[in-house]
Each structure stands twice: as structure tokens, then as C-alpha cells.
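S.K.: Contents of entry_23.cif (mmCIF, C-alpha atoms):
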data_entry
loop_
_atom_site.label_atom_id
_atom_site.label_comp_id
_atom_site.auth_asym_id
_atom_site.auth_seq_id
_atom_site.Cartn_x
_atom_site.Cartn_y
_atom_site.Cartn_z
CA MET S 1 -35.83 -29.52 9.83
CA ASN S 2 -35.20 -32.22 12.45
CA ASN S 3 -32.93 -31.71 15.42
CA TYR S 4 -29.95 -33.43 13.77
CA ASN S 5 -30.13 -31.29 10.64
CA ARG S 6 -30.73 -28.16 12.71
CA ARG S 7 -27.62 -28.82 14.78
CA LEU S 8 -25.61 -29.60 11.64
CA HIS S 9 -26.75 -26.34 10.05
CA MET S 10 -25.84 -24.37 13.18
CA SER S 11 -22.41 -26.02 13.27
CA LYS S 12 -21.75 -25.04 9.67
CA GLU S 13 -22.79 -21.45 10.36
CA LEU S 14 -20.46 -21.38 13.38
CA LEU S 15 -17.56 -22.69 11.28
CA VAL S 16 -18.18 -20.06 8.58
CA SER S 17 -18.40 -17.34 11.19
CA ARG S 18 -15.12 -18.40 12.79
CA SER S 19 -13.46 -18.62 9.40
CA GLU S 20 -14.60 -15.11 8.49
CA GLN S 21 -13.47 -13.81 11.87
CA LYS S 22 -10.04 -15.34 11.33
CA VAL S 23 -9.73 -13.65 7.93
CA GLN S 24 -10.81 -10.32 9.39
CA THR S 25 -8.37 -10.59 12.30
CA ARG S 26 -5.52 -11.44 9.95
CA GLN S 27 -6.34 -8.44 7.79
CA ARG S 28 -6.50 -6.26 10.89
CA ILE S 29 -3.02 -7.40 11.88
CA LEU S 30 -1.71 -6.76 8.36
CA GLU S 31 -3.09 -3.24 8.31
CA GLY S 32 -1.61 -2.52 11.74
CA ALA S 33 1.71 -4.04 10.72
CA GLY S 34 1.78 -1.89 7.60
CA ARG S 35 1.29 1.25 9.68
CA GLY S 36 3.96 0.14 12.14
CA PHE S 37 6.56 -0.72 9.50
CA ARG S 38 5.97 2.48 7.53
CA LYS S 39 6.31 4.58 10.66
CA ALA S 40 9.17 2.83 12.46
CA GLY S 41 10.86 0.60 9.90
CA PHE S 42 11.50 -3.12 10.24
CA GLY S 43 14.10 -2.70 12.95
CA GLY S 44 12.19 -0.03 14.83
CA ILE S 45 9.22 -2.12 15.87
CA GLY S 46 8.80 -5.60 17.33
CA VAL S 47 5.98 -8.10 17.42
CA ASP S 48 4.54 -6.51 20.56
CA GLY S 49 4.36 -3.15 18.77
CA LEU S 50 2.81 -4.65 15.64
CA ALA S 51 0.18 -6.43 17.73
CA LYS S 52 -0.54 -3.20 19.59
CA GLU S 53 -1.06 -1.36 16.28
CA ALA S 54 -3.80 -3.90 15.52
CA GLY S 55 -5.25 -3.74 19.03
CA LEU S 56 -4.39 -7.38 19.71
CA THR S 57 -2.00 -9.44 21.80
CA SER S 58 1.33 -10.89 20.68
CA GLY S 59 -0.22 -14.31 21.07
CA ALA S 60 -2.91 -13.43 18.54
CA PHE S 61 -0.20 -12.22 16.16
CA TYR S 62 1.54 -15.59 16.19
CA VAL S 63 -1.72 -17.38 15.44
CA HIS S 64 -1.67 -15.71 12.02
CA PHE S 65 2.03 -15.10 11.27
CA ASP S 66 5.09 -17.21 11.97
CA SER S 67 7.40 -14.23 12.43
CA LYS S 68 7.82 -10.49 12.08
CA ALA S 69 9.55 -11.12 8.73
CA ASP S 70 6.48 -13.01 7.52
CA ALA S 71 4.21 -10.09 8.41
CA PHE S 72 6.66 -7.63 6.83
CA ARG S 73 6.62 -9.50 3.53
CA GLU S 74 2.84 -9.58 3.37
CA SER S 75 2.58 -5.94 4.47
CA VAL S 76 4.82 -4.93 1.59
CA ALA S 77 2.69 -6.93 -0.85
CA GLN S 78 -0.51 -5.39 0.46
CA GLY S 79 0.88 -1.86 0.42
CA MET S 80 2.00 -2.20 -3.19
CA ALA S 81 -1.35 -3.70 -4.13
CA GLU S 82 -3.00 -0.61 -2.63
CA LEU S 83 -0.76 1.58 -4.78
CA ARG S 84 -1.77 -0.37 -7.87
CA GLY S 85 -5.40 0.02 -6.83
CA GLY S 86 -4.84 3.77 -6.57
CA VAL S 87 -3.44 3.89 -10.09
CA LEU S 88 -6.46 1.99 -11.41
CA TYR S 89 -8.79 4.32 -9.50
CA PHE S 90 -7.28 7.43 -11.08
CA GLN S 91 -7.44 5.82 -14.51
CA GLU S 92 -11.13 5.04 -14.11
CA LYS S 93 -12.07 8.36 -12.51
CA HIS S 94 -10.07 10.80 -14.64
CA GLY S 95 -9.77 9.11 -18.03
CA ARG S 96 -7.31 10.91 -20.31
CA ALA S 97 -6.21 13.24 -17.49
CA TRP S 98 -5.44 10.40 -15.07
CA TRP S 99 -1.64 10.61 -15.09
CA ALA S 100 -1.43 14.31 -14.23
CA GLU S 101 -4.04 13.88 -11.50
CA PHE S 102 -2.20 10.90 -10.04
CA VAL S 103 1.17 12.70 -10.04
CA ARG S 104 -0.31 15.76 -8.34
CA PHE S 105 -2.09 13.65 -5.74
CA TYR S 106 1.06 11.71 -4.91
CA LEU S 107 3.20 14.84 -4.61
CA SER S 108 0.70 16.54 -2.34
CA ALA S 109 -1.36 14.16 -0.21
CA LYS S 110 1.24 11.39 -0.01
CA ARG S 111 3.98 13.71 1.20
CA THR S 112 1.93 15.47 3.86
CA CYS S 113 -0.03 12.61 5.42
CA ASP S 114 1.14 10.90 8.61
CA LEU S 115 4.08 8.60 7.91
CA SER S 116 2.07 5.60 9.08
CA GLU S 117 -0.40 6.28 6.23
CA SER S 118 2.27 7.04 3.64
CA CYS S 119 2.94 5.04 0.49
CA THR S 120 4.76 1.72 0.76
CA LEU S 121 6.76 2.66 -2.34
CA GLN S 122 8.22 5.63 -0.47
CA THR S 123 8.85 4.07 2.95
CA MET S 124 9.63 0.39 2.38
CA PRO S 125 12.19 -0.16 -0.45
CA ALA S 126 15.26 0.50 1.73
CA GLU S 127 13.83 -1.88 4.33
CA VAL S 128 13.20 -4.50 1.63
CA ALA S 129 16.75 -4.13 0.31
CA ARG S 130 18.06 -5.07 3.77
CA SER S 131 15.58 -7.91 4.12
CA ASP S 132 15.55 -11.50 2.86
CA GLU S 133 15.33 -12.78 -0.69
CA ALA S 134 11.66 -13.71 -0.32
CA SER S 135 10.77 -10.11 0.56
CA ARG S 136 12.78 -8.77 -2.37
CA THR S 137 11.06 -11.20 -4.72
CA THR S 138 7.67 -10.15 -3.37
CA PHE S 139 8.49 -6.48 -3.82
CA GLU S 140 9.82 -6.98 -7.34
CA LYS S 141 6.65 -8.72 -8.48
CA ALA S 142 4.47 -6.06 -6.87
CA LEU S 143 6.48 -3.23 -8.43
CA ARG S 144 6.22 -4.83 -11.85
CA ASP S 145 2.45 -5.08 -11.37
CA VAL S 146 2.19 -1.37 -10.53
CA ALA S 147 4.36 -0.40 -13.50
CA GLN S 148 2.31 -2.61 -15.80
CA ALA S 149 -0.90 -0.99 -14.58
CA ILE S 150 0.54 2.40 -15.49
CA VAL S 151 1.60 1.22 -18.95
CA ASP S 152 -1.77 -0.43 -19.62
CA GLY S 153 -3.74 2.64 -18.59
CA PRO S 154 -5.64 4.99 -20.90
CA ALA S 155 -3.57 7.26 -23.12
CA SER S 156 -2.70 10.31 -21.03
CA PRO S 157 -0.33 13.22 -21.76
CA ALA S 158 3.23 12.49 -20.51
CA ALA S 159 2.21 9.10 -19.06
CA PRO S 160 4.96 6.41 -19.25
CA ARG S 161 4.43 3.94 -22.09
CA ASP S 162 6.87 1.18 -21.12
CA ILE S 163 7.94 -0.56 -17.92
CA GLY S 164 11.27 1.19 -17.68
CA ALA S 165 9.71 4.63 -18.01
CA ALA S 166 7.01 3.72 -15.49
CA CYS S 167 9.63 2.62 -12.94
CA ALA S 168 11.60 5.82 -13.55
CA ALA S 169 8.48 7.89 -12.90
CA LEU S 170 7.63 5.94 -9.76
CA SER S 171 11.21 6.41 -8.55
CA SER S 172 10.91 10.17 -9.11
CA LEU S 173 7.64 10.34 -7.18
CA ALA S 174 8.88 8.27 -4.24
CA GLY S 175 12.21 10.08 -4.16
CA ALA S 176 10.60 13.52 -4.24
CA VAL S 177 8.28 12.63 -1.38
CA THR S 178 11.20 11.26 0.64
CA LEU S 179 13.28 14.40 0.10
CA ALA S 180 10.35 16.71 0.82
CA ARG S 181 9.66 14.91 4.10
CA ALA S 182 13.35 14.98 5.00
CA VAL S 183 13.62 18.77 4.70
CA GLY S 184 10.76 19.23 7.11
CA GLY S 185 8.17 20.76 4.81
CA GLY S 186 7.86 24.44 3.99
CA ALA S 187 8.83 26.29 0.82
CA PHE S 188 11.76 24.01 -0.03
CA ALA S 189 9.56 20.90 0.16
CA ASP S 190 7.02 22.62 -2.12
CA GLN S 191 9.85 23.44 -4.52
CA ILE S 192 10.96 19.80 -4.63
CA ALA S 193 7.41 18.66 -5.37
CA ALA S 194 6.82 21.34 -8.00
CA GLY S 195 10.10 20.55 -9.74
CA THR S 196 9.30 16.86 -9.83
CA GLU S 197 5.81 17.56 -11.16
CA HIS S 198 7.27 19.68 -13.95
CA ALA S 199 9.85 16.98 -14.77
CA LEU S 200 7.15 14.30 -15.02
CA LEU S 201 4.42 16.33 -16.71
CA GLY S 202 6.18 19.20 -18.48
CA ALA S 203 3.95 21.63 -20.33
CA SER S 204 1.21 19.00 -20.57
CA GLY S 205 0.60 19.30 -16.83
CA GLY S 206 -0.41 22.94 -16.92
CA LYS S 207 0.02 25.00 -13.76
CA SER S 208 1.58 23.14 -10.84
CA ARG S 209 -0.78 22.18 -8.04
CA SER S 210 1.63 20.09 -5.95
CA LYS S 211 1.07 21.94 -2.71
CA PRO S 212 -0.11 20.18 0.44
CA VAL S 213 -3.79 19.31 0.52
CA SER S 214 -5.39 21.13 3.46
#
Using C-alpha cells, write down the structure from this file.
M.R.:
Amino acid sequence: MNNYNRRLHMSKELLVSRSEQKVQTRQRILEGAGRGFRKAGFGGIGVDGLAKEAGLTSGAFYVHFDSKADAFRESVAQGMAELRGGVLYFQEKHGRAWWAEFVRFYLSAKRTCDLSESCTLQTMPAEVARSDEASRTTFEKALRDVAQAIVDGPASPAAPRDIGAACAALSSLAGAVTLARAVGGGAFADQIAAGTEHALLGASGGKSRSKPVS
């Protein structure tokens, strides 16, 4: 390889490296923004706080996002995509038992984890409802995708079989987690989770296991 070709090859490698770094930084900001929005809400955190969550400067934030609203919209989309990925994971891992396992996981781990690591479905809808039309459109599409993943999953006892039923079940899960967090944990929170588990699974769910995962 002559000097010209060597330099050209090095330049291409540098461009690829910078491009990959930009993608990674953007993802880092998105993940930090998601944690910040779930923990503090849209109005409870500014660009400086979002950048800090990602370990970056506000200047770096604006390289990748035009505004806080822009980052909020994409954070919502990513969080809902993660929920859909969780549904698909339980379907693949547990087969016919996937729905009961998913419900129990959501009512235990997702109500006891730190709020910054909670589910977007539980923490973000009220924020989206107060947001702009673009955010609501993004959320609607993402919610439909999650519901469709549930409907398309393997046959499982008590699992929703249409979009409306899937949305009702998701509403029950998110609502139960919200109420359980609001009462501060303890026996009443366990009762809320157990009641919701029974409502969603009935006799097909067997003995309730919706207690916090230690």
C-alpha cells in the first residue's frame, strides 16, 4: 500500500471511529435522559441535569438533541421499545408460561427498583399527556407495538388475545405499580400487587408470587 492509499485508509478508519463514537455518545445521553425523566419528570429536570446523568456537558447534549423536548420524545420511544423487548424475552424464555412470569416480574421487580430504573409505561404517560402532539404520537405508536407483541406471543393461560385486552392488562400493571409505590411499600403495597396478579391471571396463575424480589 503506497503512502496515498495508506493515508486514505487511515482517514476512513478515523471517520468510522468518530461516527461510532457519536452514536455511542448519543445513546449514552438517551439512557441518562431516560433515568432523569423517570425519576424527576419532564418539569423536574433541565438540560444541565440530563447532561449530568450522562456524565457529559450541556454543550455535548445540544450536539445531539435540539431541545429537552426532543430528548424526552426519544427517551419515551426507547423506554417503550425496552418494554417490548422484555415481553419478547419472556415469550422466548418461558414459552407457554410467559404471561404469568411477565406479570409476576412486573409486579415485583418493577415496583421495587429505583424509580430511575422503573418502567416507562408506569412513569411517563402522565408526562406525555402534558407534552406536545409529536410525543403523544410517538407514545401511541410504541404502545401499540407493545400490545401487538403481547397479542402475537405464544398461547399462554390468561394472556390477552386482542389489542384492547392487551392495553387493559398493561394499564392494570402500570396502575398497580404506581399505587404500590405511592403507598410507600409494605403490606398494603403487596396486597395491591397480589390483587392485580389475581385479576390478570386468576386461577391459571397459581399461587401469587408478587412480592418484592430481594
S.K.: Just the number, please: distance in Å from CA of Asp162 in chain S to CA of Val146 in chain S, one decimal.
M.R.: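 Calculated distance between CA of Asp162 in chain S and CA of Val146 in chain S is 11.9 Å.
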S.K.: If we count all atoms listed in the file, what is near Gln122 in chain S at a cut-off of 8 Å, once residues fewer than 2 positions away on the same chain are taken out, given as a ChimeraX atom specification?
M.R.: /S:118-120,124-125,174-175,177-178
S.K.: For this structure, which residues satisfy the selection - the PyMOL selection byres ((chain S and resi 112) around 9) - when it is evaluated on the file as given? I want them as number ranges by chain.
M.R.: S: 107-111, 113-115, 118, 177, 181, 185, 212-213
S.K.: Please expand the PyMOL selection byres ((chain S and resi 92-97) around 9) into the concrete residues it hits in this file, giving the result as number ranges by chain.
M.R.: S: 87-91, 98-102, 153-157
S.K.: Pick from S:Glu53, S:Gly86, S:Ala158, S:Leu170: nearest to Ala40 in chain S, with only C-alpha atoms counted?
M.R.: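 The shortest atom-to-atom distance to Ala40 in chain S comes from S:Glu53.
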S.K.: Hey, what's within 9 Å of Ile163 in chain S if we count all atoms listed in the file and toss same-chain stuff fewer than 2 positions away? As a list of chain:residue names, please?
M.R.: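 Near neighbours after the sequence-gap exclusion: S:Arg144, S:Ala147, S:Gln148, S:Ile150, S:Val151, S:Pro160, S:Arg161, S:Ala165, S:Ala166, S:Cys167, S:Ala168.
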S.K.: Just how far from CA of Phe72 in chain S is CA of Lys39 in chain S, in Å to one decimal?
M.R.: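 So the answer is 12.8 Å.
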S.K.: Running the PyMOL selection byres ((chain S and resi 77) around 9) on this model by hand, what would come out? Give it as a list in words.
M.R.: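 Selection result, ordered by chain and number: Phe72, Arg73, Glu74, Ser75, Val76, Gln78, Gly79, Met80, Ala81, Glu82, Ser135, Thr138, Phe139, Lys141 and Ala142 of chain S.
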S.K.: Restricting the output to C-alpha atoms, write the selected residues as an mmCIF file, in the coordinates of the input.
M.R.:
data_model
loop_
_atom_site.group_PDB
_atom_site.id
_atom_site.type_symbol
_atom_site.label_atom_id
_atom_site.label_comp_id
_atom_site.auth_asym_id
_atom_site.auth_seq_id
_atom_site.Cartn_x
_atom_site.Cartn_y
_atom_site.Cartn_z
ATOM 1 C CA PHE S 72 6.660 -7.630 6.830
ATOM 2 C CA ARG S 73 6.620 -9.500 3.530
ATOM 3 C CA GLU S 74 2.840 -9.580 3.370
ATOM 4 C CA SER S 75 2.580 -5.940 4.470
ATOM 5 C CA VAL S 76 4.820 -4.930 1.590
ATOM 6 C CA GLN S 78 -0.510 -5.390 0.460
ATOM 7 C CA GLY S 79 0.880 -1.860 0.420
ATOM 8 C CA MET S 80 2.000 -2.200 -3.190
ATOM 9 C CA ALA S 81 -1.350 -3.700 -4.130
ATOM 10 C CA GLU S 82 -3.000 -0.610 -2.630
ATOM 11 C CA SER S 135 10.770 -10.110 0.560
ATOM 12 C CA THR S 138 7.670 -10.150 -3.370
ATOM 13 C CA PHE S 139 8.490 -6.480 -3.820
ATOM 14 C CA LYS S 141 6.650 -8.720 -8.480
ATOM 15 C CA ALA S 142 4.470 -6.060 -6.870
#
S.K.: Go ahead and compute the interatomic distance for CA of Gly41 in chain S and CA of Val128 in chain S, in Å to one decimal.
M.R.: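 CA of Val128 in chain S lies at a distance of 10.0 Å from CA of Gly41 in chain S.
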S.K.: Could you give me, as a list in words, the residues within 8 Å of Ile192 in chain S, counting all atoms listed in the file and dropping anything in the same chain fewer than 6 positions from it?
M.R.: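 Contacts, in chain order: Ala176, Leu179 and Ala180 of chain S.
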S.K.: Might you pull out every residue within 12 Å of Gly44 in chain S, with all atoms listed in the file counted and same-chain residues fewer than 5 positions away left off, and present them as number ranges by chain?
M.R.: S: 33, 36-39, 49-50, 68, 127
S.K.: Edge lengths and centre in Å to one decimal, as AutoDock Vina command-line options, of the axis-aligned box that encloses all listed atoms of range 119-131 of chain S with 4 Å added on every side?
M.R.:
--center_x 10.5 --center_y -1.1 --center_z 1.0 --size_x 23.1 --size_y 21.5 --size_z 14.7
S.K.: Smallest atom-to-atom distance to Ala60 in chain S: which of S:Ile29, S:Ile45, S:Ala187, S:Ala169, using all atoms listed in the file?
M.R.: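 Of all the options, S:Ile29 lies closest to Ala60 in chain S.
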